[in-house]
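S.K.: To start, I am sharing the structure in question, which I have written as structure tokens.
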Amino acid sequence: MKKAPIQGMIEIEFPSEDIAKVVYESVIIEDRTVPYRRTKTKLELEGKKIRIEFTAEDNSALRGTLNSYLRWIKVAMDAVEL
Amino acid sequence: MKKAPIQGMIEIEFPSEDIAKVVYESVIIEDRTVPYRRTKTKLELEGKKIRIEFTAEDNSALRGTLNSYLRWIKVAMDAVEL
Amino acid sequence: MIALGIEGTAHTLGIGITTEDKVLANIFDTLTTEKGGIHPKEAAEHHAKLLKPLLRRALQEAGVKIEDVNVIVFSQGPGLGPALRVVATAARALALRYSKPIVGVNHCIAHVEVSKLYGDVRDPVGLYVSGGNTQVIALKGGRYRVFGETLDIGIGNAIDTFARELGIGFPGGPKIEKLAQKGEKYIELPYAVKGMDLSFSGILTEVVRKYKSGKYRIEDLAYSFQETAFAALVEVTERALAHTGKDEVVLVGGVAANNRLREMLKAMAEDRGAKFYVPPYDLCRDNGAMIAYTGLKMFKAGIRFKIEETTVKQKFRTDEVEVTWS
Ligand SMILES: Nc1ncnc2c1ncn2[C@@H]1O[C@H](COP(=O)(O)O)[C@@H](O)[C@H]1O
Ligand SMILES: [Mg+2]
């Protein structure tokens, strides 16, 4: 199965810097719980924005990682707005 | 649920320009006809790379769209590499 | 000539390889959901995951290399959008990568057309009964016309829902059939014909209500459900036979496995001096061979699809297709 390496970036703008910070910190914690992953990710907080840069070995590796990240962010967002 | 608009880009590098072209021409038909679901996408072919640019109203809109696009790209790659 | 067909309108991914008169391979894998119901995204994931392994196995079993295939055929609709899109994208990639022509096929038409492969039938009235679809179709004026169809749920879906209420698992068809064989008393249920068409939600609600009343044996309820629902199917099929003057009837779709339905339909056909045929079950249920077979006929009749024309059609009407093949 020839590899098709994937790299990219996702930037999410949150309603406020506080919310962005809370989400960022919770995602960082989640990210550490994942042992080895075939996708390298870099997370940055810039004011109201979170930037995720990633390089994945292939399609399925990326999908797994993106789905986890987006799920963690959703959970964090839901929690912040309670 | 306050909205957190997301924008970003994914770039996939394929083993050859021919393969990238086949995958692109297979997926672009869906990109053009899939009903709008709160995510705007732009698909581009550049040599061996396919770029997907996207802006999504929120997290779940993005997840749905990314999953569809990555699924189409996967299945096109599988067919090419039979 | 050799055609490779991909079926993926609902929960079944099917890869079929056929010539004009023979099935070389017919492999399928159905997404099993414990409680039934429609799962478009899961079906799309299922098809995307299994496409390559099934394609390889089908080619191997047929002793054919992809380069030997003359036309790539895919189920263009009707069906579940996400599932259709996966199959259409794969078909395009195959056609483009190996420079093969591509043809999109209507799922319901393929069900009836494939009865001509092994059956001694030329121009039948088709009763197509499956999980999601229930329609009586026949050729008239160069198109497959719908002479009667369900206005709400497919008969297979109604049977599966009834079985789920009884708590006897999914798919319900074979189980309801077994129960019905032990039925003795007929219990009145609302008739399922509505004008020219059919409607199964009424009979389903009523039989579930009677079951919950606890006053009836489930064998009798299963028996009565089949007798009432199948009588309606036979009536609408008979009307199409009379209307078209045709003398062949085929029963297709997953529900064609039911022996009682076959018995009732056969009796009606014989009363009218018409031939009755049911294809082998692997060509009745959703499968890729019916797609390949029909697509090959279309291809040989000169039908060509540009890549731009291979968009999916979730609500693909049976009478949209001009039948220029025979
Ligand atoms: N013996 C049977 N009697 C009635 N329905 C059946 C039988 N076997 C399978 N089915 C139904 O056929 C449907 C699946 O067919 P299909 O949608 O064509 O794949 C399901 O709803 C099953 O419950
Ligand atoms: Mg079917």
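Ligands are numbered from 1 in the order shown, residues from 1 within each chain, and chains are lettered A, B, ... in the order they appear in the structure tokens.
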Excluding range 54-69 of chain B and its own-chain neighbours fewer than 4 positions away, which residues fall within 6 Å of it when counting only C-alpha atoms? Please give them as a CSV table (one decimal) with N, CA, C and O atoms, in the first residue's frame.
M.R.:
chain,number,residue,atom,x,y,z
B,3,LYS,N,-21.0,29.1,18.3
B,3,LYS,CA,-20.2,28.6,17.1
B,3,LYS,C,-18.7,28.9,17.3
B,3,LYS,O,-18.4,29.9,17.8
B,4,ALA,N,-17.9,27.9,16.8
B,4,ALA,CA,-16.5,28.2,16.8
B,4,ALA,C,-16.0,27.9,15.3
B,4,ALA,O,-15.7,26.8,15.0
B,5,PRO,N,-16.1,28.9,14.5
B,5,PRO,CA,-15.8,28.7,13.0
B,5,PRO,C,-14.4,28.2,12.9
B,5,PRO,O,-13.5,28.5,13.6
B,6,ILE,N,-14.2,27.3,11.9
B,6,ILE,CA,-12.9,26.6,11.7
B,6,ILE,C,-12.5,26.8,10.3
B,6,ILE,O,-13.4,26.7,9.4
B,7,GLN,N,-11.3,27.2,10.1
B,7,GLN,CA,-10.8,27.1,8.7
B,7,GLN,C,-9.5,26.4,8.7
B,7,GLN,O,-8.8,26.3,9.7
B,8,GLY,N,-9.1,25.9,7.5
B,8,GLY,CA,-7.8,25.2,7.5
B,8,GLY,C,-7.6,24.6,6.1
B,8,GLY,O,-8.3,24.9,5.1
B,38,ARG,N,-22.9,23.2,5.7
B,38,ARG,CA,-22.2,24.2,6.6
B,38,ARG,C,-20.7,24.1,6.5
B,38,ARG,O,-20.0,24.5,7.5
B,39,THR,N,-20.2,23.5,5.5
B,39,THR,CA,-18.7,23.6,5.3
B,39,THR,C,-18.4,24.0,3.9
B,39,THR,O,-18.9,23.3,3.0
B,40,LYS,N,-17.7,25.0,3.6
B,40,LYS,CA,-17.3,25.3,2.2
B,40,LYS,C,-15.9,24.7,2.0
B,40,LYS,O,-15.0,24.8,2.8
B,41,THR,N,-15.8,24.1,0.8
B,41,THR,CA,-14.5,23.4,0.5
B,41,THR,C,-14.0,23.9,-0.9
B,41,THR,O,-14.8,24.2,-1.7
S.K.: Once chain A is best-fit onto chain B by all Cα atoms in order, what RMSD in Å is left?
M.R.: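 The fitted C-alpha deviation between chain B and chain A is 0.7 Å.
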S.K.: Residues at most 12 Å from range 159-175 of chain C, counting only C-alpha atoms, excluding those fewer than 3 positions away in the same chain, as number ranges by chain?
M.R.: C: 30-38, 129-132, 153-156, 178-182, 200-212, 214, 217-219, 221-223, 225-226, 229-230, 254-261
S.K.: Using only C-alpha atoms and a distance of at most 12 Å, pull out the residues of chain B that contact chain C, as an mmCIF file with N, CA and C atoms, in the first residue's frame.
M.R.:
data_model
loop_
_atom_site.group_PDB
_atom_site.id
_atom_site.type_symbol
_atom_site.label_atom_id
_atom_site.label_comp_id
_atom_site.auth_asym_id
_atom_site.auth_seq_id
_atom_site.Cartn_x
_atom_site.Cartn_y
_atom_site.Cartn_z
ATOM 1 N N ASP B 18 0.186 11.223 -12.038
ATOM 2 C CA ASP B 18 -0.941 10.498 -12.653
ATOM 3 C C ASP B 18 -1.940 10.059 -11.589
ATOM 4 N N ILE B 19 -1.404 9.487 -10.498
ATOM 5 C CA ILE B 19 -2.304 8.992 -9.434
ATOM 6 C C ILE B 19 -3.063 10.160 -8.820
ATOM 7 N N ALA B 20 -2.340 11.267 -8.571
ATOM 8 C CA ALA B 20 -3.011 12.442 -7.985
ATOM 9 C C ALA B 20 -4.144 12.908 -8.897
ATOM 10 N N LYS B 21 -3.895 12.878 -10.203
ATOM 11 C CA LYS B 21 -4.892 13.354 -11.179
ATOM 12 C C LYS B 21 -6.131 12.450 -11.169
ATOM 13 N N VAL B 22 -5.904 11.135 -11.134
ATOM 14 C CA VAL B 22 -7.030 10.185 -11.122
ATOM 15 C C VAL B 22 -7.863 10.391 -9.861
ATOM 16 N N VAL B 23 -7.181 10.511 -8.713
ATOM 17 C CA VAL B 23 -7.908 10.695 -7.440
ATOM 18 C C VAL B 23 -8.680 12.014 -7.490
ATOM 19 N N TYR B 24 -8.015 13.062 -7.956
ATOM 20 C CA TYR B 24 -8.658 14.376 -8.027
ATOM 21 C C TYR B 24 -9.914 14.324 -8.914
ATOM 22 N N GLU B 25 -9.788 13.736 -10.120
ATOM 23 C CA GLU B 25 -10.928 13.724 -11.062
ATOM 24 C C GLU B 25 -12.061 12.837 -10.548
ATOM 25 N N SER B 26 -11.707 11.871 -9.712
ATOM 26 C CA SER B 26 -12.760 11.012 -9.143
ATOM 27 C C SER B 26 -13.513 11.734 -8.031
ATOM 28 N N VAL B 27 -12.764 12.509 -7.251
ATOM 29 C CA VAL B 27 -13.369 13.136 -6.063
ATOM 30 C C VAL B 27 -14.051 14.461 -6.397
ATOM 31 N N ILE B 28 -13.520 15.157 -7.416
ATOM 32 C CA ILE B 28 -14.059 16.490 -7.731
ATOM 33 C C ILE B 28 -15.544 16.412 -8.099
ATOM 34 N N ILE B 29 -15.982 15.280 -8.673
ATOM 35 C CA ILE B 29 -17.395 15.139 -9.052
ATOM 36 C C ILE B 29 -18.262 15.191 -7.788
ATOM 37 N N GLU B 30 -17.809 14.555 -6.727
ATOM 38 C CA GLU B 30 -18.584 14.604 -5.468
ATOM 39 C C GLU B 30 -18.491 15.992 -4.862
ATOM 40 N N ASP B 31 -17.289 16.593 -4.901
ATOM 41 C CA ASP B 31 -17.091 17.932 -4.329
ATOM 42 C C ASP B 31 -18.075 18.912 -4.956
ATOM 43 N N ARG B 32 -18.315 18.733 -6.254
ATOM 44 C CA ARG B 32 -19.193 19.685 -6.975
ATOM 45 C C ARG B 32 -20.667 19.438 -6.669
ATOM 46 N N THR B 33 -21.012 18.206 -6.313
ATOM 47 C CA THR B 33 -22.450 17.903 -6.228
ATOM 48 C C THR B 33 -22.936 17.598 -4.814
ATOM 49 N N VAL B 34 -22.005 17.445 -3.857
ATOM 50 C CA VAL B 34 -22.486 17.110 -2.508
ATOM 51 C C VAL B 34 -23.254 18.328 -1.971
ATOM 52 N N PRO B 35 -24.418 18.089 -1.359
ATOM 53 C CA PRO B 35 -25.193 19.240 -0.895
ATOM 54 C C PRO B 35 -24.415 20.011 0.173
ATOM 55 N N GLY B 64 -17.859 16.127 9.703
ATOM 56 C CA GLY B 64 -18.647 15.415 8.682
ATOM 57 C C GLY B 64 -17.997 15.538 7.319
ATOM 58 N N THR B 65 -17.609 16.768 6.993
ATOM 59 C CA THR B 65 -17.045 17.024 5.658
ATOM 60 C C THR B 65 -15.693 16.341 5.498
ATOM 61 N N ASN B 67 -14.486 13.797 7.025
ATOM 62 C CA ASN B 67 -14.638 12.337 6.940
ATOM 63 C C ASN B 67 -15.076 11.910 5.540
ATOM 64 N N SER B 68 -16.006 12.679 4.951
ATOM 65 C CA SER B 68 -16.462 12.306 3.600
ATOM 66 C C SER B 68 -15.321 12.417 2.609
ATOM 67 N N TYR B 69 -14.595 13.562 2.617
ATOM 68 C CA TYR B 69 -13.522 13.786 1.630
ATOM 69 C C TYR B 69 -12.406 12.756 1.799
ATOM 70 N N LEU B 70 -12.021 12.502 3.031
ATOM 71 C CA LEU B 70 -10.914 11.556 3.242
ATOM 72 C C LEU B 70 -11.356 10.143 2.873
ATOM 73 N N ARG B 71 -12.645 9.865 3.038
ATOM 74 C CA ARG B 71 -13.168 8.542 2.663
ATOM 75 C C ARG B 71 -13.122 8.382 1.134
ATOM 76 N N TRP B 72 -13.525 9.443 0.424
ATOM 77 C CA TRP B 72 -13.503 9.362 -1.052
ATOM 78 C C TRP B 72 -12.075 9.207 -1.556
ATOM 79 N N ILE B 73 -11.166 9.961 -0.952
ATOM 80 C CA ILE B 73 -9.762 9.911 -1.391
ATOM 81 C C ILE B 73 -9.191 8.513 -1.122
ATOM 82 N N LYS B 74 -9.578 7.959 0.057
ATOM 83 C CA LYS B 74 -9.085 6.616 0.389
ATOM 84 C C LYS B 74 -9.541 5.602 -0.662
ATOM 85 N N VAL B 75 -10.855 5.650 -0.996
ATOM 86 C CA VAL B 75 -11.421 4.629 -1.875
ATOM 87 C C VAL B 75 -10.910 4.810 -3.303
ATOM 88 N N ALA B 76 -10.620 6.050 -3.675
ATOM 89 C CA ALA B 76 -10.038 6.286 -5.016
ATOM 90 C C ALA B 76 -8.615 5.724 -5.042
ATOM 91 N N MET B 77 -7.869 5.949 -3.969
ATOM 92 C CA MET B 77 -6.499 5.406 -3.891
ATOM 93 C C MET B 77 -6.528 3.877 -3.939
ATOM 94 N N ASP B 78 -7.449 3.291 -3.204
ATOM 95 C CA ASP B 78 -7.554 1.818 -3.182
ATOM 96 C C ASP B 78 -7.810 1.289 -4.594
ATOM 97 N N ALA B 79 -8.673 1.969 -5.328
ATOM 98 C CA ALA B 79 -9.000 1.509 -6.688
ATOM 99 C C ALA B 79 -7.778 1.649 -7.601
ATOM 100 N N VAL B 80 -7.032 2.736 -7.401
ATOM 101 C CA VAL B 80 -5.860 2.990 -8.254
ATOM 102 C C VAL B 80 -4.775 1.960 -7.994
ATOM 103 N N GLU B 81 -4.676 1.559 -6.738
ATOM 104 C CA GLU B 81 -3.577 0.655 -6.354
ATOM 105 C C GLU B 81 -4.013 -0.796 -6.330
ATOM 106 N N LEU B 82 -5.039 -1.132 -7.088
ATOM 107 C CA LEU B 82 -5.624 -2.472 -6.970
ATOM 108 C C LEU B 82 -4.584 -3.583 -6.868
#
S.K.: Using only C-alpha atoms and all ligand atoms, which protein or nucleic acid residues are at most 7 Å from ligand 2, as a list of chain:residue names?
M.R.: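 Residues lying within 7 Å of ligand 2: C:His107, C:Cys108, C:His111, C:Ser130, C:Asn133, C:Gly253, C:Arg285, C:Asp286.
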S.K.: Could the residues in this selection be written to a file with all heavy atoms, as a compact mmCIF listing (two decimals), in the first residue's frame?
M.R.:
# COMPACT_ATOMS: atom_id res chain seq x y z
N HIS C 107 -30.61 0.77 -9.83
CA HIS C 107 -30.60 -0.43 -8.97
C HIS C 107 -31.85 -1.29 -9.17
O HIS C 107 -31.77 -2.52 -9.27
CB HIS C 107 -30.54 0.06 -7.51
CG HIS C 107 -30.57 -1.01 -6.49
ND1 HIS C 107 -29.45 -1.70 -6.07
CD2 HIS C 107 -31.60 -1.53 -5.77
CE1 HIS C 107 -29.78 -2.58 -5.14
NE2 HIS C 107 -31.10 -2.50 -4.95
N CYS C 108 -33.03 -0.65 -9.23
CA CYS C 108 -34.29 -1.40 -9.33
C CYS C 108 -34.38 -2.11 -10.69
O CYS C 108 -34.79 -3.26 -10.78
CB CYS C 108 -35.47 -0.46 -9.14
SG CYS C 108 -35.34 0.55 -7.63
N HIS C 111 -32.25 -5.21 -10.79
CA HIS C 111 -32.86 -6.36 -10.10
C HIS C 111 -33.72 -7.17 -11.08
O HIS C 111 -33.69 -8.39 -11.08
CB HIS C 111 -33.76 -5.85 -8.95
CG HIS C 111 -33.08 -5.82 -7.61
ND1 HIS C 111 -32.58 -6.93 -6.98
CD2 HIS C 111 -32.80 -4.78 -6.79
CE1 HIS C 111 -32.04 -6.58 -5.82
NE2 HIS C 111 -32.15 -5.29 -5.68
N SER C 130 -37.77 -5.64 -1.36
CA SER C 130 -36.53 -5.71 -0.56
C SER C 130 -36.74 -4.95 0.74
O SER C 130 -37.86 -4.57 1.07
CB SER C 130 -35.41 -5.04 -1.35
OG SER C 130 -35.61 -3.65 -1.39
N ASN C 133 -37.12 -1.19 -0.72
CA ASN C 133 -37.93 -0.94 -1.92
C ASN C 133 -39.06 -1.95 -2.06
O ASN C 133 -38.90 -3.10 -1.67
CB ASN C 133 -37.05 -1.05 -3.18
CG ASN C 133 -35.97 0.02 -3.20
OD1 ASN C 133 -36.28 1.20 -3.21
ND2 ASN C 133 -34.71 -0.41 -3.18
N GLY C 253 -35.37 -9.32 -5.37
CA GLY C 253 -35.17 -8.58 -4.11
C GLY C 253 -35.05 -9.58 -2.96
O GLY C 253 -35.46 -10.74 -3.10
N ARG C 285 -30.99 -10.93 -3.93
CA ARG C 285 -30.58 -9.96 -2.91
C ARG C 285 -29.68 -8.92 -3.60
O ARG C 285 -29.28 -9.09 -4.75
CB ARG C 285 -29.83 -10.67 -1.79
CG ARG C 285 -28.69 -11.53 -2.32
CD ARG C 285 -27.82 -12.02 -1.23
NE ARG C 285 -27.20 -10.87 -0.55
CZ ARG C 285 -26.49 -10.99 0.57
NH1 ARG C 285 -26.33 -12.17 1.11
NH2 ARG C 285 -25.97 -9.94 1.13
N ASP C 286 -29.34 -7.85 -2.91
CA ASP C 286 -28.47 -6.83 -3.51
C ASP C 286 -27.13 -7.46 -3.88
O ASP C 286 -26.51 -8.12 -3.04
CB ASP C 286 -28.25 -5.68 -2.51
CG ASP C 286 -29.50 -4.81 -2.40
OD1 ASP C 286 -30.45 -5.06 -3.17
OD2 ASP C 286 -29.52 -3.92 -1.55
S.K.: With only C-alpha atoms as the counted atoms, please give the residues lying no more than 10 Å from range 297-302 of chain C, apart from itself and same-chain residues fewer than 5 positions off, as an MDAnalysis selection string.
M.R.: chainID C and resid 1 3 19:20 70:73 101:105 113 292 323:326
S.K.: Give the strand (DSSP E) residues of range 52-218 of chain C, as DSSP finds them on the backbone, and put them as a ChimeraX atom specification.
M.R.: /C:71-77,102-106,125-129,134-140,143-149,193-194,197-198
S.K.: Name the residues of chain B that come out as helix (DSSP H, G or I) in a backbone DSSP run; write them as a PyMOL selection string.
M.R.: chain B and resi 17-33+59-80
S.K.: Between B:Lys48, B:Pro15, B:Lys42, B:Tyr36, which one has atoms that come closest to chain A, using only C-alpha atoms?
M.R.: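 Checking each of B:Lys48, B:Pro15, B:Lys42, B:Tyr36 against chain A, counting only C-alpha atoms, the winner is B:Pro15.
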S.K.: Tell me, as an NGL selection string, which residues lie within 10 Å of Glu11 in chain A, counting only C-alpha atoms; anything in the same chain fewer than 2 positions away does not count.
M.R.: (:A and (9 or 13-14 or 43-46 or 49-53)) or (:B and (5-9 or 55))
S.K.: Which residues are near range 232-243 of chain C? Cut-off 6 Å, only C-alpha atoms, ignore same chain within fewer than 5 positions. Put them as a list of chain:residue names.
M.R.: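 Skipping anything fewer than 5 positions along the chain leaves C:Phe147, C:Ala192, C:Val193, C:Leu265.
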S.K.: Based on the selection just made, write N, CA, C and O atoms of those residues as a tab-separated table (two decimals), in the first residue's frame.
M.R.:
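Saved result, out-v3.tsv, follows:
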chain	number	residue	atom	x	y	z
C	147	PHE	N	-45.82	0.28	-11.89
C	147	PHE	CA	-47.27	0.03	-11.91
C	147	PHE	C	-47.87	0.06	-10.52
C	147	PHE	O	-49.08	0.02	-10.35
C	192	ALA	N	-53.27	-3.89	2.50
C	192	ALA	CA	-52.11	-3.02	2.24
C	192	ALA	C	-52.15	-2.36	0.86
C	192	ALA	O	-51.19	-1.73	0.46
C	193	VAL	N	-53.30	-2.54	0.14
C	193	VAL	CA	-53.37	-1.84	-1.16
C	193	VAL	C	-54.01	-0.48	-0.95
C	193	VAL	O	-54.98	-0.35	-0.19
C	265	LEU	N	-47.61	-16.06	-5.56
C	265	LEU	CA	-47.38	-15.38	-6.84
C	265	LEU	C	-47.44	-16.39	-7.99
C	265	LEU	O	-48.02	-16.12	-9.05
S.K.: Need the shell around Gly148 in chain C: protein/DNA/RNA residues with any atom at most 8 Å away, counting only C-alpha atoms. Skip same-chain ones fewer than 3 positions apart. Format as an mmCIF file with N, CA and C atoms, in the first residue's frame?
M.R.:
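Below you can see out_23.cif, which holds the result:
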data_model
loop_
_atom_site.group_PDB
_atom_site.id
_atom_site.type_symbol
_atom_site.label_atom_id
_atom_site.label_comp_id
_atom_site.auth_asym_id
_atom_site.auth_seq_id
_atom_site.Cartn_x
_atom_site.Cartn_y
_atom_site.Cartn_z
ATOM 1 N N GLN C 135 -41.737 -2.424 -5.355
ATOM 2 C CA GLN C 135 -42.399 -1.850 -6.540
ATOM 3 C C GLN C 135 -42.626 -2.927 -7.591
ATOM 4 N N VAL C 136 -43.686 -2.705 -8.387
ATOM 5 C CA VAL C 136 -43.987 -3.579 -9.514
ATOM 6 C C VAL C 136 -43.611 -2.792 -10.758
ATOM 7 N N ILE C 137 -42.666 -3.318 -11.523
ATOM 8 C CA ILE C 137 -42.219 -2.563 -12.705
ATOM 9 C C ILE C 137 -42.232 -3.457 -13.932
ATOM 10 N N MET C 196 -53.656 2.469 -6.537
ATOM 11 C CA MET C 196 -52.818 1.630 -7.402
ATOM 12 C C MET C 196 -51.582 1.149 -6.634
ATOM 13 N N ASP C 197 -51.378 1.711 -5.442
ATOM 14 C CA ASP C 197 -50.101 1.460 -4.752
ATOM 15 C C ASP C 197 -50.280 0.624 -3.497
ATOM 16 N N LEU C 198 -49.175 0.596 -2.705
ATOM 17 C CA LEU C 198 -49.163 -0.232 -1.503
ATOM 18 C C LEU C 198 -48.805 0.616 -0.298
ATOM 19 N N VAL C 236 -51.402 -6.284 -6.865
ATOM 20 C CA VAL C 236 -50.825 -5.193 -7.667
ATOM 21 C C VAL C 236 -50.037 -5.779 -8.846
ATOM 22 N N THR C 237 -49.382 -6.942 -8.609
ATOM 23 C CA THR C 237 -48.641 -7.585 -9.712
ATOM 24 C C THR C 237 -49.619 -8.081 -10.772
#
